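Visitor: Below are the structure tokens for one structure; questions will follow.
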2 protein chains.
Amino acid sequence: MFRTKTCGELRLSDAGQEVTLAGWVQRIRKMGGMTFLDLRDRYGVTQIVFEESDNHDLNEAANHLGREYVVQVKGKVAERASKNSNLPTGDIEIIASDLKVLNPSEVPPFTIEDNTDGGDELRMKYRYLDIRRNPVRRNLELRHRMTMEVRRYLDSKGFLEIETPMLVGSTPEGARDFVVPSRMNQGQFYALPQSPQTLKQLLMVGGIDRYFQIVKCFRDEDLRADRQPEFTQIDCEMSYIEQDDIINLFEGMAKHLFKEIRGVEFDKPFLRMSWADAMRLYGSDKPDMRFGMEFVELMDTMKGHGFPVFDSAEYIGGICAKGAAHYTRKQLDQLTDFVKRSQIGAKGLVYARVGEDGTVKSSVDKFYDQAALQELRKKMGAEPGDLILIMSGDDAMKTRKQLCELRLEMGRQLGLRDKDKFACLWVVDFPMFEWSDEEQRLMAMHHPFTHPKDEDIPLLDTDPAAVRADAYDMVINGVEVGGGSIRIHNSNLQAKMFEILGFTPEKAQEQFGFLMNAFKYGAPPHGGLAYGLDRWVSLFAGLDSIRDCIAFPKNNSGRDVMLDAPAPLDQKQLDELALAVVEKK
Amino acid sequence: MFRTKTCGELRLSDAGQEVTLAGWVQRIRKMGGMTFLDLRDRYGVTQIVFEESDNHDLNEAANHLGREYVVQVKGKVAERASKNSNLPTGDIEIIASDLKVLNPSEVPPFTIEDNTDGGDELRMKYRYLDIRRNPVRRNLELRHRMTMEVRRYLDSKGFLEIETPMLVGSTPEGARDFVVPSRMNQGQFYALPQSPQTLKQLLMVGGIDRYFQIVKCFRDEDLRADRQPEFTQIDCEMSYIEQDDIINLFEGMAKHLFKEIRGVEFDKPFLRMSWADAMRLYGSDKPDMRFGMEFVELMDTMKGHGFPVFDSAEYIGGICAKGAAHYTRKQLDQLTDFVKRSQIGAKGLVYARVGEDGTVKSSVDKFYDQAALQELRKKMGAEPGDLILIMSGDDAMKTRKQLCELRLEMGRQLGLRDKDKFACLWVVDFPMFEWSDEEQRLMAMHHPFTHPKDEDIPLLDTDPAAVRADAYDMVINGVEVGGGSIRIHNSNLQAKMFEILGFTPEKAQEQFGFLMNAFKYGAPPHGGLAYGLDRWVSLFAGLDSIRDCIAFPKNNSGRDVMLDAPAPLDQKQLDELALAVVEKK
């Protein structure tokens with residue numbers, strides 16, 4: 001060992017001890033005949049003192065250290081004259097008797113401080129230096145603690161962690177696969193799993209009635225802030241259960257994590273809301289429940305007053321922003337610009353302020369008299385000082401989604417989205433299918449293995465778009481942290497599902513024959529769910545992007561800028577794989 | 001829940017309870033007016049009784065069940081008339097009051113019994129049925145418990161589990177990479193990691209001084225019984241440590257696992273042996289220490305007696321098989337055939353039996369008089385009843401490896417390799433390099449990041465082949481379960497190492513520039529090791545192959561016969577990746 005103690009553990013009660021520390025030079029200060037060195041490691045910072053009068057050479061050596069040098073220091077723990085109460089080790093310092101440079105350092109490209117001067121790109125290129133910074137390291141520590149607690153909890157409930165293969169078959173249904181050419185089977189490819197979905201179902205067929213795995217998954221999609229080409233799932237499956245059993249067990253896990261990791265206790269069950277209600281009241285299948293501001297439908301109230309925009313609308317809905325009547329014209333114009341941005345695409349916004357005397361003044365006063373506006377106010381439950389915001393459109397679902405963006409923005413502006421407050425929700429009763437304009441067919445909203453609600457099974461033949469699924473998502477603060485479903489365990493029902501999804505029987509057999517075949521040999525009723533670990537850690541860490549809870553993330557082009565990957569292959573490697581790169585036309 | 005109890009938990013004390021069980025039909029027996037159903041789940045088997053006189057329809061339904069049907073049974077727990085002491089639930093049975101078929105089953109392609117009638121290939125194709133069998137499921141349970149204990153232990157020692165990326169850069173040094181074409185960066189490829197070696201070193205540079213990860217690794221090699229294209233490593237790294245610190249900590253982990261998982265306690269430290277001694281005494285860098293039978297070098301004893309084979313040999317060595325003088329001529333001929341097999345490739349074998357009266361009779365009596373043979377006996381420490389086996393050759397290392405095979409075979413034949421006895425060993429002081437005839441250059445024996453022994457560093461310039469490394473393997477029962485080294489943390493030393501390995505500075509920079517660059521910014525002294533999880537689980541499970549401790553293994557052609565992967569891609573997928581498959585010439 002190069003050290004007897006870490007830089008985070010010495011306290012006043014250790015005064016007088018001879019210790020050896022090792023770590024990085026955070027800072028050097030020369031003050032008169034003394035040199036102060038802040039020595040840092042994973043556990044903290046300890047002040048080291050070199051006294052010139054005591055040992056000239058040693059003091060001289062200390063003065064030649066640079067930032068991020070790796071050093072070993074021997075010395076005696078002493079009480080500090082001026083204590084630093086911000087530092088756990090702030091009561092003591094080490095009077096150095098020996099100093100050894102274990103490795104020098106060039107000047108790092110950015111400062112290793114909580115608030116660094118390094119931009120995103122530089123930090124990613126030198127990620128190994130970025131990880132030395134407290135905020136990044138703390139995220140990795142949090143991630144470790146979360147996975148430990150997940151495993152502890154699931155193990156205590158009889159779940160087995162079972163590794164499923166990474167080299168599997170490609171299934172073009174769903175997102176795009178990353179593929180891996182096989183050298184031993186030339187012209188053939190493995191795929192990296194988008195999730196272990198079918199494999200965990202096979203484990204259920206195999207009698208492993210409680211399975212989990214914390215596992216890397218892969219999707220070759222265009223990237224966004226909360227997407228990475230490789231991401232980590234907490235993947236779970238159970239047999240002989242119904243939807244409520246899964247929801248209860250995993251709500252228990254969530255509460256366990258909240259308590260152990262964040263110190264938050266929930267004394268009530270999480271709210272459950274149907275997908276239809278979530279869309280109707282919040283315009284989202286993952287509503288942020290830290291605040292209310294539910295949608296109020298205003299078709300009856302606002303139509304028929306001669307305002308052409310509303311009179312021709314298929315949907316009119318409003319939200320009531322409590323206490324926001326003070327919004328200036330400029331602020332309201334900015335909100336209008338916000339909903340008109342191309343990402344949201346609304347045509348405009350109508351507002352109505354409720355004055356202190358209860359009168360309502362709106363941006364469309366010329367169409368609505370005070371009586372009509374009072375009707376609006378009543379419908380919205382608005383009180384003096386509140387601001388009513390109304391949107392409309394010719395597609396109800398599209399307009400709700402636009403209103404959802406406005407609601408979230410208002411929540412943000414009014415400080416209702418506190419990162420240290422948590423609102424958890426199960427969204428249930430998802431539709432089984434959604435129509436894809438691009439593919440011109442019904443697609444599985446969840447995935448093709450989802451069990452329809454028993455009472456809706458007859459609709460599969462008559463009105464498949466109306467079929468609801470035994471599917472559920474766990475939503476925290478507007479983030480979908482996990483989701484799952486009861487699965488089909490009957491090979492005929494599974495075949496029917498593929499048929500509705502436009503698979504020929506041959507295609508279904510080719511791609512999912514192994515699963516449908518397995519269902520013929522005694523598949524038990526089963527279901528499960530998967531959490532996005534990266535998202536959940538980000539949420540607990542209060543991060544906006546999942547990137548900073550990943551040790552070595554990729555950028556938006558899917559590149560690892562530190563490793564400089566991907567990169568061209570040697571011709572020899574291509575030859576062995578019998579592959580050629582086709583030049584782009 | 002489809003059940004209130006599992007099939008493994010009911011005892012006599014539960015008699016009288018109304019319960020609901022669910023599981024698979026193991027067996028149906030009709031005896032007079034009764035039908036007995038053995039119902040099986042992950043936890044055990046419970047006997048269900050249907051009485052015809054009680055409920056004719058229910059009994060009839062039970063008689064129509066087939067093997068592996070999934071059923072739900074309601075009934076009352078009752079004491080059995082004739083108890084089955086082989087079964088934990090053998091004191092009770094369930095008097096059925098209701099039966100529901102949850103899913104029928106076709107006749108499975110092999111029996112779901114501890115000793116199945118299914119061959120390897122069939123079992124792999126229907127692996128989901130194979131997993132229902134106790135021996136396979138127990139291996140997966142063992143694997144789960146081992147990884148839980150590894151995590152518990154390392155977490156208690158302050159290690160952080162940190163996920164490193166799966167999509168990294170290709171490094172043609174070492175084994176062959178699996179590669180992954182990038183769609184977003186056409187013509188470029190990621191590689192799947194052969195191990196997170198360089199990434200964990202970067203984490204050390206990043207100040208994470210105790211890292212571990214249980215992680216999938218990938219090697220595109222030709223396969224054997226103990227190799228899979230994807231395998232799992234327990235990967236560990238520490239900073240500010242020396243070799244002994246690592247050995248002590250991970251010996252602690254091994255002892256923890258032995259105690260928790262196998263109930264075996266070791267009261268002494270594991271033996272440590274230099275690589276040179278291991279090769280000299282056992283002809284192997286992973287000797288099986290469950291038995292002795294060390295090699296005795298016999299050059300002085302056996303040369304110069306006119307036996308041309310020995311007189312011209314560069315190495316002569318013998319082993320003493322205690323109490324094996326009774327070996328018949330036929331058995332000895334079989335041993336000779338064994339060492340002459342092409343996999344071993346020896347020319348022959350000389351034997352000498354020590355009679356009860358102490359006289360020695362050898363297969364080369366015509367060259368050695370009794371005095372010479374007594375000298376041999378003395379040298380070998382052989383006693384009356386022992387068998388001496390001698391091999392020779394013109395390449396000492398090659399001959400030792402042949403003698404090693406003979407020693408292992410004799411150990412097996414004499415019952416000295418008990419799977420329930422464990423002998424653990426650290427092999428240390430490995431050579432830094434080994435000569436590759438194929439490549440006509442020195443190759444890193446461990447990997448290019450291994451630190452040479454400080455005292456051998458001057459030899460890097462003068463006699464690199466003589467340099468020893470700070471490298472160590474943990475060997476249990478002749479299986480290398482793990483290995484590691486102290487790493488280089490100095491960029492100049494690392495550059496020199498690449499030079500000796502035949503890298504041009506440009507090539508070294510291109511492939512490992514990120515690491516050498518990182519070493520310039522304050523890399524701490526560090527080292528670590530990695531365990532092969534599959535091998536360790538196999539060892540604890542008493543398996544000969546790693547396959548049966550893997551849920552979904554691949555066959556020797558790298559195929560998953562259940563998923564039928566790999567497979568050809570759709571043209572559309574190839575086009576998106578800008579790839580073409582080159583027809584084999």
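We name chains A, B, ... following the order of the structure tokens; residues begin at 1 in each chain, and ligands are numbered from 1 as shown.
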For a quick test of understanding: name the residues of chain A lying within 6 Å of chain B when counting only C-alpha atoms, and present them as a compact mmCIF listing (two decimals) with all heavy atoms, in the first residue's frame.

Guide:
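After the write, part.txt holds the following:
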```txt
# COMPACT_ATOMS: atom_id res chain seq x y z
N MET A 1 0.84 -1.20 0.00
CA MET A 1 0.00 0.00 0.00
C MET A 1 0.88 1.26 0.00
O MET A 1 1.85 1.32 0.73
CB MET A 1 -0.89 0.03 1.26
CG MET A 1 -2.03 -0.97 1.24
SD MET A 1 -3.40 -0.43 0.21
CE MET A 1 -4.55 -1.81 0.48
N PHE A 2 0.47 2.19 -0.80
CA PHE A 2 1.18 3.46 -0.85
C PHE A 2 0.63 4.44 0.18
O PHE A 2 1.04 5.57 0.22
CB PHE A 2 1.06 4.08 -2.24
CG PHE A 2 1.92 3.41 -3.28
CD1 PHE A 2 1.54 2.20 -3.84
CD2 PHE A 2 3.13 3.99 -3.70
CE1 PHE A 2 2.33 1.59 -4.80
CE2 PHE A 2 3.91 3.37 -4.66
CZ PHE A 2 3.52 2.17 -5.23
N ARG A 42 -10.14 10.06 -3.92
CA ARG A 42 -11.57 9.79 -4.09
C ARG A 42 -12.38 10.17 -2.86
O ARG A 42 -13.58 10.43 -2.94
CB ARG A 42 -11.72 8.29 -4.41
CG ARG A 42 -13.14 7.79 -4.51
CD ARG A 42 -13.15 6.28 -4.78
NE ARG A 42 -14.24 5.63 -4.08
CZ ARG A 42 -14.35 4.32 -3.86
NH1 ARG A 42 -13.39 3.52 -4.28
NH2 ARG A 42 -15.38 3.82 -3.23
N GLU A 68 -2.16 18.26 -10.18
CA GLU A 68 -2.43 16.87 -10.60
C GLU A 68 -1.21 15.95 -10.56
O GLU A 68 -1.29 14.82 -11.04
CB GLU A 68 -3.11 16.84 -11.97
CG GLU A 68 -4.45 17.55 -12.00
CD GLU A 68 -5.43 17.10 -10.92
OE1 GLU A 68 -5.56 15.89 -10.72
OE2 GLU A 68 -6.04 17.98 -10.26
N TYR A 69 -0.08 16.44 -10.00
CA TYR A 69 1.00 15.50 -9.71
C TYR A 69 0.47 14.43 -8.75
O TYR A 69 -0.36 14.73 -7.89
CB TYR A 69 2.17 16.22 -9.02
CG TYR A 69 3.18 16.82 -9.97
CD1 TYR A 69 2.79 17.59 -11.06
CD2 TYR A 69 4.55 16.62 -9.76
CE1 TYR A 69 3.73 18.14 -11.91
CE2 TYR A 69 5.50 17.18 -10.61
CZ TYR A 69 5.08 17.93 -11.68
OH TYR A 69 6.02 18.47 -12.52
N VAL A 70 0.95 13.21 -8.91
CA VAL A 70 0.59 12.16 -7.96
C VAL A 70 1.71 12.05 -6.94
O VAL A 70 2.87 11.82 -7.32
CB VAL A 70 0.42 10.81 -8.67
CG1 VAL A 70 -0.03 9.74 -7.69
CG2 VAL A 70 -0.59 10.93 -9.80
N ASN A 103 4.22 10.23 -9.71
CA ASN A 103 4.08 10.48 -11.14
C ASN A 103 3.82 11.96 -11.35
O ASN A 103 2.91 12.51 -10.72
CB ASN A 103 2.91 9.65 -11.71
CG ASN A 103 3.16 9.15 -13.12
OD1 ASN A 103 4.13 9.56 -13.77
ND2 ASN A 103 2.31 8.27 -13.61
N PRO A 104 4.60 12.61 -12.21
CA PRO A 104 4.32 14.02 -12.47
C PRO A 104 3.11 14.14 -13.40
O PRO A 104 2.60 13.14 -13.89
CB PRO A 104 5.59 14.51 -13.16
CG PRO A 104 6.17 13.29 -13.79
CD PRO A 104 5.73 12.10 -12.97
N SER A 105 2.67 15.35 -13.63
CA SER A 105 1.54 15.56 -14.54
C SER A 105 1.80 16.78 -15.39
O SER A 105 2.32 17.79 -14.91
CB SER A 105 0.25 15.75 -13.75
OG SER A 105 -0.81 16.11 -14.62
N GLU A 106 1.44 16.68 -16.65
CA GLU A 106 1.39 17.90 -17.46
C GLU A 106 0.22 18.74 -16.96
O GLU A 106 -0.64 18.25 -16.22
CB GLU A 106 1.20 17.54 -18.94
CG GLU A 106 2.39 16.78 -19.49
CD GLU A 106 2.32 16.56 -21.00
OE1 GLU A 106 1.40 17.10 -21.65
OE2 GLU A 106 3.19 15.84 -21.51
N TYR A 128 -11.13 10.75 -18.43
CA TYR A 128 -10.43 10.23 -17.25
C TYR A 128 -10.06 11.34 -16.28
O TYR A 128 -9.91 11.09 -15.09
CB TYR A 128 -9.20 9.40 -17.64
CG TYR A 128 -8.35 10.01 -18.73
CD1 TYR A 128 -7.37 10.95 -18.44
CD2 TYR A 128 -8.54 9.64 -20.07
CE1 TYR A 128 -6.59 11.51 -19.45
CE2 TYR A 128 -7.77 10.21 -21.08
CZ TYR A 128 -6.80 11.14 -20.77
OH TYR A 128 -6.04 11.70 -21.76
N LEU A 129 -9.90 12.56 -16.78
CA LEU A 129 -9.65 13.69 -15.88
C LEU A 129 -10.98 14.23 -15.33
O LEU A 129 -11.07 14.62 -14.16
CB LEU A 129 -8.90 14.81 -16.61
CG LEU A 129 -7.49 14.42 -17.10
CD1 LEU A 129 -6.85 15.60 -17.82
CD2 LEU A 129 -6.63 13.96 -15.94
N ILE A 131 -13.54 12.54 -14.63
CA ILE A 131 -14.02 11.64 -13.58
C ILE A 131 -13.38 11.96 -12.23
O ILE A 131 -13.94 11.64 -11.18
CB ILE A 131 -13.76 10.16 -14.00
CG1 ILE A 131 -14.69 9.78 -15.15
CG2 ILE A 131 -13.94 9.20 -12.84
CD1 ILE A 131 -14.41 8.42 -15.75
N ARG A 132 -12.23 12.64 -12.25
CA ARG A 132 -11.62 13.05 -10.97
C ARG A 132 -12.45 14.11 -10.27
O ARG A 132 -12.27 14.34 -9.08
CB ARG A 132 -10.21 13.62 -11.22
CG ARG A 132 -9.18 12.55 -11.47
CD ARG A 132 -7.77 13.17 -11.49
NE ARG A 132 -6.87 12.29 -12.22
CZ ARG A 132 -5.74 12.69 -12.79
NH1 ARG A 132 -5.37 13.97 -12.70
NH2 ARG A 132 -4.98 11.84 -13.42
N HIS A 144 -23.51 3.07 -8.56
CA HIS A 144 -23.09 1.84 -7.88
C HIS A 144 -24.03 1.50 -6.73
O HIS A 144 -24.49 0.36 -6.59
CB HIS A 144 -21.66 2.00 -7.36
CG HIS A 144 -21.26 0.95 -6.37
ND1 HIS A 144 -20.95 -0.34 -6.74
CD2 HIS A 144 -21.14 0.97 -5.02
CE1 HIS A 144 -20.66 -1.06 -5.67
NE2 HIS A 144 -20.77 -0.29 -4.61
N LEU A 160 -33.56 -14.40 -9.43
CA LEU A 160 -32.23 -14.83 -9.84
C LEU A 160 -31.72 -13.91 -10.93
O LEU A 160 -32.44 -13.66 -11.91
CB LEU A 160 -32.28 -16.26 -10.41
CG LEU A 160 -32.71 -17.37 -9.46
CD1 LEU A 160 -32.76 -18.70 -10.23
CD2 LEU A 160 -31.75 -17.49 -8.28
N GLU A 161 -30.49 -13.44 -10.77
CA GLU A 161 -29.89 -12.68 -11.87
C GLU A 161 -29.28 -13.68 -12.84
O GLU A 161 -28.41 -14.47 -12.46
CB GLU A 161 -28.84 -11.68 -11.39
CG GLU A 161 -28.31 -10.85 -12.56
CD GLU A 161 -27.59 -9.57 -12.15
OE1 GLU A 161 -27.05 -9.52 -11.03
OE2 GLU A 161 -27.56 -8.63 -12.96
N VAL A 168 -27.00 -12.24 -30.32
CA VAL A 168 -28.28 -12.90 -30.57
C VAL A 168 -28.65 -12.74 -32.04
O VAL A 168 -27.81 -12.39 -32.86
CB VAL A 168 -29.37 -12.33 -29.63
CG1 VAL A 168 -29.01 -12.60 -28.17
CG2 VAL A 168 -29.61 -10.85 -29.85
N GLY A 169 -29.92 -13.02 -32.37
CA GLY A 169 -30.36 -12.87 -33.75
C GLY A 169 -30.96 -11.50 -33.98
O GLY A 169 -31.46 -10.86 -33.06
N VAL A 179 -25.36 -4.80 -35.52
CA VAL A 179 -25.08 -6.18 -35.92
C VAL A 179 -23.59 -6.48 -35.82
O VAL A 179 -22.75 -5.57 -35.80
CB VAL A 179 -25.59 -6.47 -37.35
CG1 VAL A 179 -27.09 -6.31 -37.42
CG2 VAL A 179 -24.89 -5.60 -38.37
N VAL A 180 -23.27 -7.77 -35.74
CA VAL A 180 -21.89 -8.23 -35.55
C VAL A 180 -21.64 -9.34 -36.56
O VAL A 180 -22.23 -10.41 -36.47
CB VAL A 180 -21.71 -8.79 -34.12
CG1 VAL A 180 -20.27 -9.24 -33.90
CG2 VAL A 180 -22.12 -7.77 -33.07
N GLY A 187 -20.89 -14.37 -43.98
CA GLY A 187 -22.10 -13.84 -44.59
C GLY A 187 -23.25 -13.78 -43.61
O GLY A 187 -24.34 -13.33 -43.95
N GLN A 188 -23.02 -14.23 -42.37
CA GLN A 188 -24.07 -14.19 -41.35
C GLN A 188 -23.70 -13.22 -40.24
O GLN A 188 -22.52 -12.90 -40.05
CB GLN A 188 -24.31 -15.59 -40.79
CG GLN A 188 -24.71 -16.58 -41.89
CD GLN A 188 -25.20 -17.90 -41.32
OE1 GLN A 188 -25.51 -18.03 -40.14
NE2 GLN A 188 -25.27 -18.90 -42.19
N PHE A 189 -24.71 -12.75 -39.56
CA PHE A 189 -24.52 -11.70 -38.55
C PHE A 189 -25.27 -12.05 -37.28
O PHE A 189 -26.37 -12.57 -37.32
CB PHE A 189 -25.05 -10.35 -39.07
CG PHE A 189 -24.30 -9.81 -40.25
CD1 PHE A 189 -24.46 -10.37 -41.50
CD2 PHE A 189 -23.42 -8.74 -40.10
CE1 PHE A 189 -23.76 -9.89 -42.61
CE2 PHE A 189 -22.72 -8.24 -41.20
CZ PHE A 189 -22.89 -8.82 -42.47
N TYR A 190 -24.64 -11.71 -36.16
CA TYR A 190 -25.37 -11.65 -34.90
C TYR A 190 -25.97 -10.24 -34.80
O TYR A 190 -25.57 -9.34 -35.53
CB TYR A 190 -24.44 -11.82 -33.69
CG TYR A 190 -23.62 -13.07 -33.66
CD1 TYR A 190 -22.30 -13.06 -34.09
CD2 TYR A 190 -24.14 -14.26 -33.15
CE1 TYR A 190 -21.51 -14.21 -34.03
CE2 TYR A 190 -23.37 -15.41 -33.10
CZ TYR A 190 -22.05 -15.37 -33.54
OH TYR A 190 -21.28 -16.50 -33.47
N LEU A 202 -38.21 -16.78 -22.48
CA LEU A 202 -37.81 -18.19 -22.56
C LEU A 202 -37.37 -18.70 -21.19
O LEU A 202 -37.57 -19.87 -20.86
CB LEU A 202 -36.69 -18.37 -23.59
CG LEU A 202 -37.12 -18.15 -25.05
CD1 LEU A 202 -35.92 -18.27 -25.97
CD2 LEU A 202 -38.21 -19.14 -25.46
N GLY A 206 -38.72 -21.73 -19.10
CA GLY A 206 -37.77 -22.63 -18.45
C GLY A 206 -37.98 -22.78 -16.95
O GLY A 206 -37.17 -23.41 -16.28
N GLY A 207 -39.01 -22.16 -16.41
CA GLY A 207 -39.33 -22.39 -15.01
C GLY A 207 -38.61 -21.48 -14.02
O GLY A 207 -38.76 -21.62 -12.82
N TYR A 240 -46.49 -16.74 -13.10
CA TYR A 240 -47.63 -17.03 -12.22
C TYR A 240 -48.11 -15.78 -11.49
O TYR A 240 -48.44 -15.83 -10.31
CB TYR A 240 -47.28 -18.15 -11.22
CG TYR A 240 -46.91 -19.45 -11.89
CD1 TYR A 240 -45.65 -20.01 -11.75
CD2 TYR A 240 -47.84 -20.10 -12.69
CE1 TYR A 240 -45.32 -21.20 -12.39
CE2 TYR A 240 -47.52 -21.29 -13.33
CZ TYR A 240 -46.25 -21.84 -13.18
OH TYR A 240 -45.92 -23.00 -13.81
N ILE A 241 -48.06 -14.65 -12.20
CA ILE A 241 -48.47 -13.39 -11.58
C ILE A 241 -49.47 -12.66 -12.48
O ILE A 241 -49.64 -12.99 -13.65
CB ILE A 241 -47.28 -12.45 -11.35
CG1 ILE A 241 -46.35 -12.45 -12.57
CG2 ILE A 241 -46.49 -12.84 -10.12
CD1 ILE A 241 -46.83 -11.85 -13.80
N GLU A 242 -50.12 -11.66 -11.89
CA GLU A 242 -50.99 -10.77 -12.64
C GLU A 242 -50.44 -9.36 -12.53
O GLU A 242 -49.49 -9.11 -11.76
CB GLU A 242 -52.41 -10.87 -12.08
CG GLU A 242 -53.05 -12.19 -12.50
CD GLU A 242 -54.19 -12.63 -11.60
OE1 GLU A 242 -53.96 -12.73 -10.37
OE2 GLU A 242 -55.27 -12.87 -12.12
N LYS A 520 -45.42 -23.75 -26.99
CA LYS A 520 -46.17 -25.01 -27.14
C LYS A 520 -45.82 -26.04 -26.07
O LYS A 520 -46.47 -27.07 -25.97
CB LYS A 520 -45.88 -25.62 -28.52
CG LYS A 520 -46.48 -24.80 -29.64
CD LYS A 520 -46.15 -25.37 -30.99
CE LYS A 520 -46.68 -24.46 -32.09
NZ LYS A 520 -45.94 -24.66 -33.35
N TYR A 521 -44.75 -25.75 -25.29
CA TYR A 521 -44.30 -26.74 -24.31
C TYR A 521 -44.53 -26.28 -22.87
O TYR A 521 -43.65 -26.36 -22.04
CB TYR A 521 -42.82 -27.05 -24.54
CG TYR A 521 -42.57 -27.74 -25.85
CD1 TYR A 521 -42.08 -27.03 -26.95
CD2 TYR A 521 -42.85 -29.10 -26.01
CE1 TYR A 521 -41.87 -27.67 -28.17
CE2 TYR A 521 -42.64 -29.73 -27.22
CZ TYR A 521 -42.15 -29.01 -28.30
OH TYR A 521 -41.95 -29.65 -29.50
N GLY A 522 -45.73 -25.74 -22.63
CA GLY A 522 -46.04 -25.41 -21.25
C GLY A 522 -45.45 -24.09 -20.79
O GLY A 522 -44.66 -24.06 -19.84
N ALA A 565 -13.37 6.02 -31.28
CA ALA A 565 -14.10 4.90 -31.87
C ALA A 565 -15.49 5.38 -32.28
O ALA A 565 -16.03 6.27 -31.63
CB ALA A 565 -14.23 3.76 -30.85
N PRO A 566 -16.07 4.85 -33.37
CA PRO A 566 -15.52 3.79 -34.22
C PRO A 566 -14.39 4.30 -35.12
O PRO A 566 -14.16 5.50 -35.20
CB PRO A 566 -16.74 3.38 -35.05
CG PRO A 566 -17.56 4.63 -35.14
CD PRO A 566 -17.38 5.30 -33.83
N ALA A 567 -13.74 3.35 -35.82
CA ALA A 567 -12.62 3.69 -36.71
C ALA A 567 -12.59 2.66 -37.84
O ALA A 567 -13.18 1.58 -37.71
CB ALA A 567 -11.32 3.66 -35.91
N PRO A 568 -11.90 2.99 -38.94
CA PRO A 568 -11.81 2.00 -40.02
C PRO A 568 -11.08 0.74 -39.55
O PRO A 568 -10.25 0.79 -38.65
CB PRO A 568 -10.98 2.73 -41.09
CG PRO A 568 -11.11 4.18 -40.75
CD PRO A 568 -11.25 4.26 -39.26
N ALA A 578 -15.00 -11.57 -44.55
CA ALA A 578 -15.60 -11.62 -45.89
C ALA A 578 -16.54 -10.44 -46.11
O ALA A 578 -17.65 -10.59 -46.59
CB ALA A 578 -16.31 -12.94 -46.12
N LEU A 579 -16.07 -9.25 -45.73
CA LEU A 579 -16.88 -8.04 -45.86
C LEU A 579 -16.17 -6.99 -46.70
O LEU A 579 -14.94 -6.93 -46.71
CB LEU A 579 -17.15 -7.43 -44.48
CG LEU A 579 -18.22 -8.06 -43.61
CD1 LEU A 579 -18.39 -7.23 -42.36
CD2 LEU A 579 -19.55 -8.17 -44.35
N ALA A 580 -16.94 -6.18 -47.37
CA ALA A 580 -16.37 -5.02 -48.06
C ALA A 580 -17.20 -3.80 -47.71
O ALA A 580 -18.42 -3.89 -47.55
CB ALA A 580 -16.40 -5.25 -49.57
N VAL A 581 -16.52 -2.67 -47.56
CA VAL A 581 -17.23 -1.42 -47.33
C VAL A 581 -17.61 -0.86 -48.69
O VAL A 581 -16.77 -0.75 -49.58
CB VAL A 581 -16.33 -0.43 -46.56
CG1 VAL A 581 -17.00 0.93 -46.47
CG2 VAL A 581 -16.02 -0.98 -45.18
N VAL A 582 -18.88 -0.55 -48.85
CA VAL A 582 -19.37 -0.03 -50.13
C VAL A 582 -19.20 1.49 -50.11
O VAL A 582 -19.67 2.15 -49.19
CB VAL A 582 -20.86 -0.39 -50.31
CG1 VAL A 582 -21.38 0.16 -51.62
CG2 VAL A 582 -21.05 -1.90 -50.23
```

Visitor: DSSP on the backbone, helix (DSSP H, G or I) only: what residues of range 341-558 of chain B does that give? Format it as an MDAnalysis selection string.

Guide: chainID B and resid 370:380 396:413 454:456 459:462 464:466 491:500 505:518 533:541 547:549

Visitor: Contacts of Ile390 in chain A at 12 Å or less, counting only C-alpha atoms, minus same-chain residues fewer than 6 places along, as a PyMOL selection string?

Guide: chain A and resi 295-299+301-302+309-310+315-321+332+335-336+339+346-353+362-364+376-377+380+399-400+402-404+406-407

Visitor: If you count only C-alpha atoms, which residues fall within 6 Å of range 274-283 of chain A, apart from same-chain ones fewer than 2 positions away, as a list in words?

Guide: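 Selected residues are Asp285, Pro287, Glu294, Phe295, Arg400, Lys401, Cys404, Val427, Val428, Asp429 and Phe430 of chain A.
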
Visitor: Using DSSP secondary structure from the backbone, list all strand (DSSP E or B) positions within range 369-572 of chain B, as a VMD selection string.

Guide: chain B and resid 387 to 393 424 to 428 431 433 to 436 441 to 444 450 452 468 to 469 471 to 476 479 to 487 521 526 to 532 560 565 567

Visitor: In Å, how far is it from CA of Gly358 in chain B to CA of Pro384 in chain B?

Guide: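 Separation between CA of Gly358 in chain B and CA of Pro384 in chain B: 5.2 Å.
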
Visitor: Between B:Phe110, B:Phe258, B:Tyr211, B:Tyr153, which one has atoms that come closest to Leu539 in chain B, using only C-alpha atoms?

Guide: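 Of B:Phe110, B:Phe258, B:Tyr211, B:Tyr153, the one nearest Leu539 in chain B is B:Phe258, counting only C-alpha atoms.
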